[in-house]
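Participant: I'd like to ask some things about the structure below.
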Amino acid sequence: MRKAIEVRPGPDHRIWITFDDGAQGEVDLSDLAGRGVFQAWADRKVFEHVHVDESGAVVWPGEIDLCPDALYLRLTGKAVWDLFPVDSTSVHV
């Protein structure tokens, strides 16, 4: 599991994020903006209050949070199995 250690708001619903393994870069969240709980981001001040909580999740006011693993996958372009490898000896069909 990856944890975010730093996050900064950027323009156009983008964030700059740094992870505990040193990976860092910009993540575009504009596909979420205006949908469901993310309607709150219409207020730029809400979006700018992004921070990392004690678990390493990226959070905003109003109990809005994003899983750091999902953000890590977006940033790095890795697949789920790269982050959570499956031990073939323990797979049961």
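Letters A, B, ... go to the chains of the structure tokens in the order shown; residues in each chain start at 1; ligands are counted from 1 in the same order.
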Excluding Ala4 of chain A and residues on its chain fewer than 2 positions from it, collect all residues at most 6 Å away from it, counting only C-alpha atoms, and give them as a list in words.

Facilitator: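 Residues meeting the cut-off are Glu6, Thr18, Phe19, Gly56 and Pro68 of chain A.
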
Participant: Those residues with N, CA and C atoms, as a compact mmCIF listing (two decimals), in the first residue's frame please?

Facilitator:
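part.txt, written as the output of this step:
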```
# COMPACT_ATOMS: atom_id res chain seq x y z
N GLU A 6 2.51 14.21 0.74
CA GLU A 6 2.33 15.64 0.50
C GLU A 6 1.40 15.82 -0.68
N THR A 18 2.98 13.70 -3.70
CA THR A 18 4.21 12.96 -3.45
C THR A 18 3.87 11.76 -2.58
N PHE A 19 4.43 10.60 -2.94
CA PHE A 19 4.17 9.36 -2.21
C PHE A 19 5.38 8.93 -1.40
N GLY A 56 -2.59 8.57 5.16
CA GLY A 56 -1.98 8.75 3.84
C GLY A 56 -2.99 8.99 2.74
N PRO A 68 -5.24 6.60 -1.54
CA PRO A 68 -3.91 6.86 -2.07
C PRO A 68 -3.47 5.83 -3.11
```

Participant: Please return as a PDB file with all heavy atoms, in the first residue's frame: the residues of chain A that backbone DSSP assigns to strand (DSSP E or B).

Facilitator:
```
ATOM      1  N   ALA A   4       0.234   8.739   0.524  1.00  0.00           N
ATOM      2  CA  ALA A   4       0.596  10.088   0.119  1.00  0.00           C
ATOM      3  C   ALA A   4       1.279  10.747   1.318  1.00  0.00           C
ATOM      4  O   ALA A   4       0.893  10.513   2.468  1.00  0.00           O
ATOM      5  CB  ALA A   4      -0.638  10.874  -0.286  1.00  0.00           C
ATOM      6  N   ILE A   5       2.300  11.545   1.045  1.00  0.00           N
ATOM      7  CA  ILE A   5       2.959  12.264   2.134  1.00  0.00           C
ATOM      8  C   ILE A   5       2.851  13.782   1.965  1.00  0.00           C
ATOM      9  O   ILE A   5       3.055  14.520   2.916  1.00  0.00           O
ATOM     10  CB  ILE A   5       4.433  11.845   2.313  1.00  0.00           C
ATOM     11  CG1 ILE A   5       5.239  12.061   1.041  1.00  0.00           C
ATOM     12  CG2 ILE A   5       4.514  10.394   2.767  1.00  0.00           C
ATOM     13  CD1 ILE A   5       6.743  11.872   1.214  1.00  0.00           C
ATOM     14  N   GLU A   6       2.509  14.215   0.744  1.00  0.00           N
ATOM     15  CA  GLU A   6       2.328  15.640   0.501  1.00  0.00           C
ATOM     16  C   GLU A   6       1.399  15.823  -0.684  1.00  0.00           C
ATOM     17  O   GLU A   6       1.437  15.039  -1.639  1.00  0.00           O
ATOM     18  CB  GLU A   6       3.674  16.305   0.190  1.00  0.00           C
ATOM     19  CG  GLU A   6       3.577  17.792  -0.036  1.00  0.00           C
ATOM     20  CD  GLU A   6       4.918  18.425  -0.411  1.00  0.00           C
ATOM     21  OE1 GLU A   6       5.923  17.722  -0.529  1.00  0.00           O
ATOM     22  OE2 GLU A   6       4.912  19.649  -0.623  1.00  0.00           O
ATOM     23  N   VAL A   7       0.569  16.852  -0.624  1.00  0.00           N
ATOM     24  CA  VAL A   7      -0.319  17.172  -1.740  1.00  0.00           C
ATOM     25  C   VAL A   7      -0.518  18.678  -1.787  1.00  0.00           C
ATOM     26  O   VAL A   7      -0.574  19.338  -0.745  1.00  0.00           O
ATOM     27  CB  VAL A   7      -1.672  16.421  -1.624  1.00  0.00           C
ATOM     28  CG1 VAL A   7      -2.471  16.875  -0.419  1.00  0.00           C
ATOM     29  CG2 VAL A   7      -2.490  16.557  -2.892  1.00  0.00           C
ATOM     30  N   ARG A   8      -0.573  19.199  -3.012  1.00  0.00           N
ATOM     31  CA  ARG A   8      -0.823  20.625  -3.224  1.00  0.00           C
ATOM     32  C   ARG A   8      -1.870  20.777  -4.327  1.00  0.00           C
ATOM     33  O   ARG A   8      -1.810  20.056  -5.326  1.00  0.00           O
ATOM     34  CB  ARG A   8       0.456  21.345  -3.651  1.00  0.00           C
ATOM     35  CG  ARG A   8       1.542  21.349  -2.608  1.00  0.00           C
ATOM     36  CD  ARG A   8       2.732  22.220  -3.022  1.00  0.00           C
ATOM     37  NE  ARG A   8       3.182  22.033  -4.390  1.00  0.00           N
ATOM     38  CZ  ARG A   8       4.228  21.293  -4.754  1.00  0.00           C
ATOM     39  NH1 ARG A   8       4.929  20.635  -3.862  1.00  0.00           N
ATOM     40  NH2 ARG A   8       4.575  21.203  -6.035  1.00  0.00           N
ATOM     41  N   PRO A   9      -2.799  21.715  -4.152  1.00  0.00           N
ATOM     42  CA  PRO A   9      -3.782  21.941  -5.214  1.00  0.00           C
ATOM     43  C   PRO A   9      -3.150  22.653  -6.395  1.00  0.00           C
ATOM     44  O   PRO A   9      -2.202  23.436  -6.238  1.00  0.00           O
ATOM     45  CB  PRO A   9      -4.828  22.835  -4.535  1.00  0.00           C
ATOM     46  CG  PRO A   9      -4.040  23.594  -3.505  1.00  0.00           C
ATOM     47  CD  PRO A   9      -2.981  22.628  -3.025  1.00  0.00           C
ATOM     48  N   ARG A  14      -6.480  19.784 -10.626  1.00  0.00           N
ATOM     49  CA  ARG A  14      -5.278  18.955 -10.632  1.00  0.00           C
ATOM     50  C   ARG A  14      -4.602  19.089  -9.272  1.00  0.00           C
ATOM     51  O   ARG A  14      -4.718  20.125  -8.619  1.00  0.00           O
ATOM     52  CB  ARG A  14      -4.302  19.395 -11.729  1.00  0.00           C
ATOM     53  CG  ARG A  14      -4.874  19.226 -13.116  1.00  0.00           C
ATOM     54  CD  ARG A  14      -3.948  19.842 -14.163  1.00  0.00           C
ATOM     55  NE  ARG A  14      -4.552  19.820 -15.465  1.00  0.00           N
ATOM     56  CZ  ARG A  14      -4.415  18.818 -16.341  1.00  0.00           C
ATOM     57  NH1 ARG A  14      -3.690  17.779 -16.036  1.00  0.00           N
ATOM     58  NH2 ARG A  14      -5.007  18.873 -17.509  1.00  0.00           N
ATOM     59  N   ILE A  15      -3.915  18.033  -8.860  1.00  0.00           N
ATOM     60  CA  ILE A  15      -3.133  18.084  -7.634  1.00  0.00           C
ATOM     61  C   ILE A  15      -1.714  17.627  -7.924  1.00  0.00           C
ATOM     62  O   ILE A  15      -1.484  16.833  -8.840  1.00  0.00           O
ATOM     63  CB  ILE A  15      -3.740  17.201  -6.511  1.00  0.00           C
ATOM     64  CG1 ILE A  15      -3.887  15.741  -6.953  1.00  0.00           C
ATOM     65  CG2 ILE A  15      -5.057  17.778  -6.011  1.00  0.00           C
ATOM     66  CD1 ILE A  15      -4.286  14.769  -5.855  1.00  0.00           C
ATOM     67  N   TRP A  16      -0.771  18.153  -7.176  1.00  0.00           N
ATOM     68  CA  TRP A  16       0.603  17.667  -7.201  1.00  0.00           C
ATOM     69  C   TRP A  16       0.744  16.811  -5.958  1.00  0.00           C
ATOM     70  O   TRP A  16       0.454  17.266  -4.849  1.00  0.00           O
ATOM     71  CB  TRP A  16       1.601  18.819  -7.176  1.00  0.00           C
ATOM     72  CG  TRP A  16       3.007  18.298  -7.257  1.00  0.00           C
ATOM     73  CD1 TRP A  16       3.807  17.948  -6.213  1.00  0.00           C
ATOM     74  CD2 TRP A  16       3.741  18.027  -8.446  1.00  0.00           C
ATOM     75  NE1 TRP A  16       5.015  17.478  -6.677  1.00  0.00           N
ATOM     76  CE2 TRP A  16       4.999  17.524  -8.050  1.00  0.00           C
ATOM     77  CE3 TRP A  16       3.480  18.158  -9.805  1.00  0.00           C
ATOM     78  CZ2 TRP A  16       5.986  17.150  -8.956  1.00  0.00           C
ATOM     79  CZ3 TRP A  16       4.461  17.796 -10.703  1.00  0.00           C
ATOM     80  CH2 TRP A  16       5.695  17.300 -10.289  1.00  0.00           C
ATOM     81  N   ILE A  17       1.167  15.582  -6.129  1.00  0.00           N
ATOM     82  CA  ILE A  17       1.194  14.636  -5.020  1.00  0.00           C
ATOM     83  C   ILE A  17       2.551  13.940  -4.945  1.00  0.00           C
ATOM     84  O   ILE A  17       3.175  13.670  -5.967  1.00  0.00           O
ATOM     85  CB  ILE A  17       0.036  13.622  -5.172  1.00  0.00           C
ATOM     86  CG1 ILE A  17      -0.114  12.762  -3.933  1.00  0.00           C
ATOM     87  CG2 ILE A  17       0.168  12.805  -6.423  1.00  0.00           C
ATOM     88  CD1 ILE A  17      -1.429  11.981  -3.896  1.00  0.00           C
ATOM     89  N   THR A  18       2.982  13.698  -3.702  1.00  0.00           N
ATOM     90  CA  THR A  18       4.215  12.960  -3.447  1.00  0.00           C
ATOM     91  C   THR A  18       3.871  11.761  -2.576  1.00  0.00           C
ATOM     92  O   THR A  18       3.118  11.886  -1.608  1.00  0.00           O
ATOM     93  CB  THR A  18       5.250  13.844  -2.719  1.00  0.00           C
ATOM     94  OG1 THR A  18       5.487  15.016  -3.500  1.00  0.00           O
ATOM     95  CG2 THR A  18       6.558  13.091  -2.502  1.00  0.00           C
ATOM     96  N   PHE A  19       4.430  10.604  -2.942  1.00  0.00           N
ATOM     97  CA  PHE A  19       4.174   9.362  -2.213  1.00  0.00           C
ATOM     98  C   PHE A  19       5.384   8.932  -1.401  1.00  0.00           C
ATOM     99  O   PHE A  19       6.504   9.399  -1.627  1.00  0.00           O
ATOM    100  CB  PHE A  19       3.773   8.247  -3.191  1.00  0.00           C
ATOM    101  CG  PHE A  19       2.392   8.434  -3.730  1.00  0.00           C
ATOM    102  CD1 PHE A  19       2.190   9.120  -4.911  1.00  0.00           C
ATOM    103  CD2 PHE A  19       1.303   7.941  -3.049  1.00  0.00           C
ATOM    104  CE1 PHE A  19       0.917   9.317  -5.405  1.00  0.00           C
ATOM    105  CE2 PHE A  19       0.019   8.134  -3.531  1.00  0.00           C
ATOM    106  CZ  PHE A  19      -0.179   8.815  -4.715  1.00  0.00           C
ATOM    107  N   GLN A  24       6.250  11.125  -7.518  1.00  0.00           N
ATOM    108  CA  GLN A  24       5.550  12.402  -7.407  1.00  0.00           C
ATOM    109  C   GLN A  24       5.175  12.912  -8.782  1.00  0.00           C
ATOM    110  O   GLN A  24       5.766  12.523  -9.784  1.00  0.00           O
ATOM    111  CB  GLN A  24       6.402  13.436  -6.674  1.00  0.00           C
ATOM    112  CG  GLN A  24       7.696  13.782  -7.342  1.00  0.00           C
ATOM    113  CD  GLN A  24       8.465  14.822  -6.551  1.00  0.00           C
ATOM    114  OE1 GLN A  24       7.883  15.601  -5.798  1.00  0.00           O
ATOM    115  NE2 GLN A  24       9.770  14.854  -6.714  1.00  0.00           N
ATOM    116  N   GLY A  25       4.165  13.757  -8.805  1.00  0.00           N
ATOM    117  CA  GLY A  25       3.737  14.344 -10.062  1.00  0.00           C
ATOM    118  C   GLY A  25       2.324  14.869  -9.964  1.00  0.00           C
ATOM    119  O   GLY A  25       1.698  14.859  -8.902  1.00  0.00           O
ATOM    120  N   GLU A  26       1.837  15.313 -11.102  1.00  0.00           N
ATOM    121  CA  GLU A  26       0.516  15.905 -11.184  1.00  0.00           C
ATOM    122  C   GLU A  26      -0.525  14.847 -11.540  1.00  0.00           C
ATOM    123  O   GLU A  26      -0.299  14.018 -12.420  1.00  0.00           O
ATOM    124  CB  GLU A  26       0.519  17.000 -12.241  1.00  0.00           C
ATOM    125  CG  GLU A  26      -0.764  17.794 -12.304  1.00  0.00           C
ATOM    126  CD  GLU A  26      -0.656  18.918 -13.298  1.00  0.00           C
ATOM    127  OE1 GLU A  26      -0.663  18.627 -14.525  1.00  0.00           O
ATOM    128  OE2 GLU A  26      -0.561  20.074 -12.865  1.00  0.00           O
ATOM    129  N   VAL A  27      -1.661  14.898 -10.858  1.00  0.00           N
ATOM    130  CA  VAL A  27      -2.785  14.010 -11.138  1.00  0.00           C
ATOM    131  C   VAL A  27      -3.986  14.874 -11.495  1.00  0.00           C
ATOM    132  O   VAL A  27      -4.351  15.787 -10.745  1.00  0.00           O
ATOM    133  CB  VAL A  27      -3.113  13.096  -9.930  1.00  0.00           C
ATOM    134  CG1 VAL A  27      -4.333  12.238 -10.225  1.00  0.00           C
ATOM    135  CG2 VAL A  27      -1.917  12.232  -9.571  1.00  0.00           C
ATOM    136  N   ASP A  28      -4.594  14.596 -12.618  1.00  0.00           N
ATOM    137  CA  ASP A  28      -5.766  15.319 -13.102  1.00  0.00           C
ATOM    138  C   ASP A  28      -7.020  14.665 -12.529  1.00  0.00           C
ATOM    139  O   ASP A  28      -7.297  13.493 -12.788  1.00  0.00           O
ATOM    140  CB  ASP A  28      -5.789  15.276 -14.628  1.00  0.00           C
ATOM    141  CG  ASP A  28      -6.930  16.056 -15.243  1.00  0.00           C
ATOM    142  OD1 ASP A  28      -7.768  16.630 -14.499  1.00  0.00           O
ATOM    143  OD2 ASP A  28      -6.992  16.098 -16.486  1.00  0.00           O
ATOM    144  N   HIS A  51      -5.513  18.110   1.696  1.00  0.00           N
ATOM    145  CA  HIS A  51      -4.377  17.761   2.555  1.00  0.00           C
ATOM    146  C   HIS A  51      -4.290  16.241   2.686  1.00  0.00           C
ATOM    147  O   HIS A  51      -5.175  15.519   2.236  1.00  0.00           O
ATOM    148  CB  HIS A  51      -4.479  18.433   3.923  1.00  0.00           C
ATOM    149  CG  HIS A  51      -5.657  18.008   4.734  1.00  0.00           C
ATOM    150  ND1 HIS A  51      -6.921  18.494   4.545  1.00  0.00           N
ATOM    151  CD2 HIS A  51      -5.755  17.104   5.733  1.00  0.00           C
ATOM    152  CE1 HIS A  51      -7.764  17.934   5.405  1.00  0.00           C
ATOM    153  NE2 HIS A  51      -7.084  17.078   6.136  1.00  0.00           N
ATOM    154  N   VAL A  52      -3.225  15.771   3.302  1.00  0.00           N
ATOM    155  CA  VAL A  52      -3.027  14.343   3.536  1.00  0.00           C
ATOM    156  C   VAL A  52      -3.380  14.065   4.992  1.00  0.00           C
ATOM    157  O   VAL A  52      -2.916  14.768   5.892  1.00  0.00           O
ATOM    158  CB  VAL A  52      -1.567  13.930   3.257  1.00  0.00           C
ATOM    159  CG1 VAL A  52      -1.337  12.469   3.587  1.00  0.00           C
ATOM    160  CG2 VAL A  52      -1.198  14.214   1.811  1.00  0.00           C
ATOM    161  N   VAL A  58      -5.777  11.296   0.639  1.00  0.00           N
ATOM    162  CA  VAL A  58      -5.908  12.686   0.214  1.00  0.00           C
ATOM    163  C   VAL A  58      -7.341  13.105   0.517  1.00  0.00           C
ATOM    164  O   VAL A  58      -8.289  12.460   0.058  1.00  0.00           O
ATOM    165  CB  VAL A  58      -5.561  12.835  -1.276  1.00  0.00           C
ATOM    166  CG1 VAL A  58      -5.790  14.252  -1.747  1.00  0.00           C
ATOM    167  CG2 VAL A  58      -4.109  12.410  -1.512  1.00  0.00           C
ATOM    168  N   VAL A  59      -7.496  14.177   1.305  1.00  0.00           N
ATOM    169  CA  VAL A  59      -8.822  14.549   1.815  1.00  0.00           C
ATOM    170  C   VAL A  59      -9.108  16.041   1.615  1.00  0.00           C
ATOM    171  O   VAL A  59      -8.196  16.856   1.505  1.00  0.00           O
ATOM    172  CB  VAL A  59      -8.966  14.173   3.306  1.00  0.00           C
ATOM    173  CG1 VAL A  59      -8.816  12.687   3.519  1.00  0.00           C
ATOM    174  CG2 VAL A  59      -7.960  14.900   4.167  1.00  0.00           C
ATOM    175  N   TRP A  60     -10.413  16.320   1.592  1.00  0.00           N
ATOM    176  CA  TRP A  60     -10.929  17.679   1.506  1.00  0.00           C
ATOM    177  C   TRP A  60     -12.009  17.850   2.562  1.00  0.00           C
ATOM    178  O   TRP A  60     -12.554  16.866   3.066  1.00  0.00           O
ATOM    179  CB  TRP A  60     -11.572  17.923   0.134  1.00  0.00           C
ATOM    180  CG  TRP A  60     -10.630  18.028  -1.007  1.00  0.00           C
ATOM    181  CD1 TRP A  60     -10.131  19.186  -1.545  1.00  0.00           C
ATOM    182  CD2 TRP A  60     -10.088  16.963  -1.787  1.00  0.00           C
ATOM    183  NE1 TRP A  60      -9.303  18.890  -2.594  1.00  0.00           N
ATOM    184  CE2 TRP A  60      -9.254  17.525  -2.766  1.00  0.00           C
ATOM    185  CE3 TRP A  60     -10.201  15.568  -1.739  1.00  0.00           C
ATOM    186  CZ2 TRP A  60      -8.564  16.765  -3.693  1.00  0.00           C
ATOM    187  CZ3 TRP A  60      -9.507  14.808  -2.660  1.00  0.00           C
ATOM    188  CH2 TRP A  60      -8.704  15.397  -3.614  1.00  0.00           C
ATOM    189  N   ILE A  64     -14.658  14.363   2.071  1.00  0.00           N
ATOM    190  CA  ILE A  64     -14.295  13.909   0.731  1.00  0.00           C
ATOM    191  C   ILE A  64     -12.875  13.362   0.807  1.00  0.00           C
ATOM    192  O   ILE A  64     -11.974  14.043   1.300  1.00  0.00           O
ATOM    193  CB  ILE A  64     -14.358  15.062  -0.284  1.00  0.00           C
ATOM    194  CG1 ILE A  64     -15.769  15.638  -0.349  1.00  0.00           C
ATOM    195  CG2 ILE A  64     -13.901  14.588  -1.656  1.00  0.00           C
ATOM    196  CD1 ILE A  64     -15.873  16.927  -1.144  1.00  0.00           C
ATOM    197  N   ASP A  65     -12.676  12.144   0.358  1.00  0.00           N
ATOM    198  CA  ASP A  65     -11.327  11.583   0.359  1.00  0.00           C
ATOM    199  C   ASP A  65     -11.130  10.668  -0.835  1.00  0.00           C
ATOM    200  O   ASP A  65     -12.077  10.134  -1.393  1.00  0.00           O
ATOM    201  CB  ASP A  65     -11.047  10.829   1.659  1.00  0.00           C
ATOM    202  CG  ASP A  65     -11.959   9.648   1.866  1.00  0.00           C
ATOM    203  OD1 ASP A  65     -11.640   8.554   1.342  1.00  0.00           O
ATOM    204  OD2 ASP A  65     -12.993   9.791   2.543  1.00  0.00           O
ATOM    205  N   LEU A  66      -9.876  10.521  -1.218  1.00  0.00           N
ATOM    206  CA  LEU A  66      -9.507   9.621  -2.300  1.00  0.00           C
ATOM    207  C   LEU A  66      -8.444   8.657  -1.794  1.00  0.00           C
ATOM    208  O   LEU A  66      -7.516   9.047  -1.078  1.00  0.00           O
ATOM    209  CB  LEU A  66      -8.978  10.404  -3.503  1.00  0.00           C
ATOM    210  CG  LEU A  66     -10.020  11.230  -4.246  1.00  0.00           C
ATOM    211  CD1 LEU A  66      -9.356  12.077  -5.330  1.00  0.00           C
ATOM    212  CD2 LEU A  66     -11.076  10.332  -4.866  1.00  0.00           C
TER     213      LEU A  66
END
```

Participant: Return the single residue from A:Val86, A:Leu73, A:Leu32, A:Ala79 that is closest to Arg2 of chain A, with distances computed using only C-alpha atoms.

Facilitator: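 When distances to Arg2 of chain A are compared using only C-alpha atoms, the smallest one comes from A:Leu73.
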
Participant: Skipping near chain neighbours, those fewer than 5 positions away, what residues fall within 12 Å of Asp31 of chain A using only C-alpha atoms, listed as a ChimeraX atom specification?

Facilitator: /A:12-14,36,38-39,41

Participant: For the residues in the current selection, export all heavy atoms as a PDB file, in the first residue's frame.

Facilitator:
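The result, stored in part-v6.pdb:
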```
ATOM      1  N   ASP A  12      -7.345  23.809 -12.496  1.00  0.00           N
ATOM      2  CA  ASP A  12      -8.207  22.906 -13.268  1.00  0.00           C
ATOM      3  C   ASP A  12      -8.383  21.531 -12.632  1.00  0.00           C
ATOM      4  O   ASP A  12      -8.327  20.503 -13.313  1.00  0.00           O
ATOM      5  CB  ASP A  12      -7.669  22.749 -14.703  1.00  0.00           C
ATOM      6  CG  ASP A  12      -7.536  24.077 -15.414  1.00  0.00           C
ATOM      7  OD1 ASP A  12      -8.441  24.922 -15.261  1.00  0.00           O
ATOM      8  OD2 ASP A  12      -6.522  24.281 -16.115  1.00  0.00           O
ATOM      9  N   HIS A  13      -8.594  21.508 -11.316  1.00  0.00           N
ATOM     10  CA  HIS A  13      -8.826  20.262 -10.570  1.00  0.00           C
ATOM     11  C   HIS A  13      -7.676  19.268 -10.718  1.00  0.00           C
ATOM     12  O   HIS A  13      -7.883  18.078 -10.906  1.00  0.00           O
ATOM     13  CB  HIS A  13     -10.173  19.637 -10.953  1.00  0.00           C
ATOM     14  CG  HIS A  13     -11.301  20.537 -10.621  1.00  0.00           C
ATOM     15  ND1 HIS A  13     -11.972  21.241 -11.583  1.00  0.00           N
ATOM     16  CD2 HIS A  13     -11.856  20.874  -9.440  1.00  0.00           C
ATOM     17  CE1 HIS A  13     -12.904  21.972 -11.001  1.00  0.00           C
ATOM     18  NE2 HIS A  13     -12.854  21.779  -9.700  1.00  0.00           N
ATOM     19  N   ARG A  14      -6.480  19.784 -10.626  1.00  0.00           N
ATOM     20  CA  ARG A  14      -5.278  18.955 -10.632  1.00  0.00           C
ATOM     21  C   ARG A  14      -4.602  19.089  -9.272  1.00  0.00           C
ATOM     22  O   ARG A  14      -4.718  20.125  -8.619  1.00  0.00           O
ATOM     23  CB  ARG A  14      -4.302  19.395 -11.729  1.00  0.00           C
ATOM     24  CG  ARG A  14      -4.874  19.226 -13.116  1.00  0.00           C
ATOM     25  CD  ARG A  14      -3.948  19.842 -14.163  1.00  0.00           C
ATOM     26  NE  ARG A  14      -4.552  19.820 -15.465  1.00  0.00           N
ATOM     27  CZ  ARG A  14      -4.415  18.818 -16.341  1.00  0.00           C
ATOM     28  NH1 ARG A  14      -3.690  17.779 -16.036  1.00  0.00           N
ATOM     29  NH2 ARG A  14      -5.007  18.873 -17.509  1.00  0.00           N
ATOM     30  N   GLY A  36     -21.367  13.901  -8.016  1.00  0.00           N
ATOM     31  CA  GLY A  36     -21.608  13.433  -6.650  1.00  0.00           C
ATOM     32  C   GLY A  36     -21.014  14.370  -5.612  1.00  0.00           C
ATOM     33  O   GLY A  36     -21.190  15.585  -5.695  1.00  0.00           O
ATOM     34  N   PHE A  38     -18.140  15.343  -5.282  1.00  0.00           N
ATOM     35  CA  PHE A  38     -17.121  16.224  -5.849  1.00  0.00           C
ATOM     36  C   PHE A  38     -17.710  17.518  -6.415  1.00  0.00           C
ATOM     37  O   PHE A  38     -16.970  18.362  -6.906  1.00  0.00           O
ATOM     38  CB  PHE A  38     -16.305  15.479  -6.904  1.00  0.00           C
ATOM     39  CG  PHE A  38     -15.654  14.238  -6.357  1.00  0.00           C
ATOM     40  CD1 PHE A  38     -16.126  12.978  -6.722  1.00  0.00           C
ATOM     41  CD2 PHE A  38     -14.620  14.311  -5.453  1.00  0.00           C
ATOM     42  CE1 PHE A  38     -15.544  11.835  -6.220  1.00  0.00           C
ATOM     43  CE2 PHE A  38     -14.030  13.171  -4.926  1.00  0.00           C
ATOM     44  CZ  PHE A  38     -14.500  11.931  -5.310  1.00  0.00           C
ATOM     45  N   GLN A  39     -19.028  17.686  -6.331  1.00  0.00           N
ATOM     46  CA  GLN A  39     -19.653  18.964  -6.697  1.00  0.00           C
ATOM     47  C   GLN A  39     -19.143  20.072  -5.792  1.00  0.00           C
ATOM     48  O   GLN A  39     -19.125  21.234  -6.176  1.00  0.00           O
ATOM     49  CB  GLN A  39     -21.170  18.864  -6.618  1.00  0.00           C
ATOM     50  CG  GLN A  39     -21.765  18.006  -7.701  1.00  0.00           C
ATOM     51  CD  GLN A  39     -23.278  17.861  -7.569  1.00  0.00           C
ATOM     52  OE1 GLN A  39     -23.905  18.458  -6.699  1.00  0.00           O
ATOM     53  NE2 GLN A  39     -23.855  17.057  -8.431  1.00  0.00           N
ATOM     54  N   TRP A  41     -16.237  20.760  -5.146  1.00  0.00           N
ATOM     55  CA  TRP A  41     -15.054  21.381  -5.735  1.00  0.00           C
ATOM     56  C   TRP A  41     -15.394  22.564  -6.634  1.00  0.00           C
ATOM     57  O   TRP A  41     -14.503  23.286  -7.064  1.00  0.00           O
ATOM     58  CB  TRP A  41     -14.259  20.364  -6.534  1.00  0.00           C
ATOM     59  CG  TRP A  41     -13.611  19.293  -5.716  1.00  0.00           C
ATOM     60  CD1 TRP A  41     -13.503  19.231  -4.361  1.00  0.00           C
ATOM     61  CD2 TRP A  41     -12.974  18.124  -6.226  1.00  0.00           C
ATOM     62  NE1 TRP A  41     -12.839  18.087  -3.985  1.00  0.00           N
ATOM     63  CE2 TRP A  41     -12.501  17.386  -5.112  1.00  0.00           C
ATOM     64  CE3 TRP A  41     -12.761  17.622  -7.496  1.00  0.00           C
ATOM     65  CZ2 TRP A  41     -11.820  16.177  -5.248  1.00  0.00           C
ATOM     66  CZ3 TRP A  41     -12.082  16.422  -7.638  1.00  0.00           C
ATOM     67  CH2 TRP A  41     -11.612  15.714  -6.522  1.00  0.00           C
TER      68      TRP A  41
END
```

Participant: If I take atom CA of Ser30 of chain A and atom CA of Phe84 of chain A, how far is one from the other in Å, to one decimal?

Facilitator: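 Going from atom CA of Ser30 of chain A over to atom CA of Phe84 of chain A covers 26.4 Å.
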
Participant: Kindly indicate which residue among A:Gly10, A:Lys3, A:Glu48, A:Ala23 lies nearest to Gly77 of chain A, using only C-alpha atoms for the distances.

Facilitator: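 Using only C-alpha atoms, Gly77 of chain A sits closest to A:Ala23.
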
Participant: Tell me, as an mmCIF file with all heavy atoms, in the first residue's frame, which residues lie within 10 Å of Gly62 of chain A, counting only C-alpha atoms; anything in the same chain fewer than 4 positions away does not count.

Facilitator:
```cif
data_model
loop_
_atom_site.group_PDB
_atom_site.id
_atom_site.type_symbol
_atom_site.label_atom_id
_atom_site.label_comp_id
_atom_site.auth_asym_id
_atom_site.auth_seq_id
_atom_site.Cartn_x
_atom_site.Cartn_y
_atom_site.Cartn_z
ATOM 1 N N VAL A 37 -20.286 13.800 -4.643
ATOM 2 C CA VAL A 37 -19.697 14.607 -3.573
ATOM 3 C C VAL A 37 -18.678 15.607 -4.101
ATOM 4 O O VAL A 37 -18.387 16.610 -3.441
ATOM 5 C CB VAL A 37 -19.051 13.734 -2.476
ATOM 6 C CG1 VAL A 37 -20.068 12.848 -1.806
ATOM 7 C CG2 VAL A 37 -17.891 12.920 -3.015
ATOM 8 N N PHE A 38 -18.140 15.343 -5.282
ATOM 9 C CA PHE A 38 -17.121 16.224 -5.849
ATOM 10 C C PHE A 38 -17.710 17.518 -6.415
ATOM 11 O O PHE A 38 -16.970 18.362 -6.906
ATOM 12 C CB PHE A 38 -16.305 15.479 -6.904
ATOM 13 C CG PHE A 38 -15.654 14.238 -6.357
ATOM 14 C CD1 PHE A 38 -16.126 12.978 -6.722
ATOM 15 C CD2 PHE A 38 -14.620 14.311 -5.453
ATOM 16 C CE1 PHE A 38 -15.544 11.835 -6.220
ATOM 17 C CE2 PHE A 38 -14.030 13.171 -4.926
ATOM 18 C CZ PHE A 38 -14.500 11.931 -5.310
ATOM 19 N N ALA A 40 -18.694 19.697 -4.595
ATOM 20 C CA ALA A 40 -18.162 20.678 -3.647
ATOM 21 C C ALA A 40 -16.943 21.401 -4.215
ATOM 22 O O ALA A 40 -16.643 22.532 -3.826
ATOM 23 C CB ALA A 40 -17.793 19.993 -2.332
ATOM 24 N N VAL A 46 -12.793 25.174 -1.480
ATOM 25 C CA VAL A 46 -12.894 23.804 -0.966
ATOM 26 C C VAL A 46 -11.786 22.960 -1.583
ATOM 27 O O VAL A 46 -11.075 22.232 -0.878
ATOM 28 C CB VAL A 46 -14.282 23.187 -1.264
ATOM 29 C CG1 VAL A 46 -14.307 21.707 -0.915
ATOM 30 C CG2 VAL A 46 -15.370 23.927 -0.498
#
```
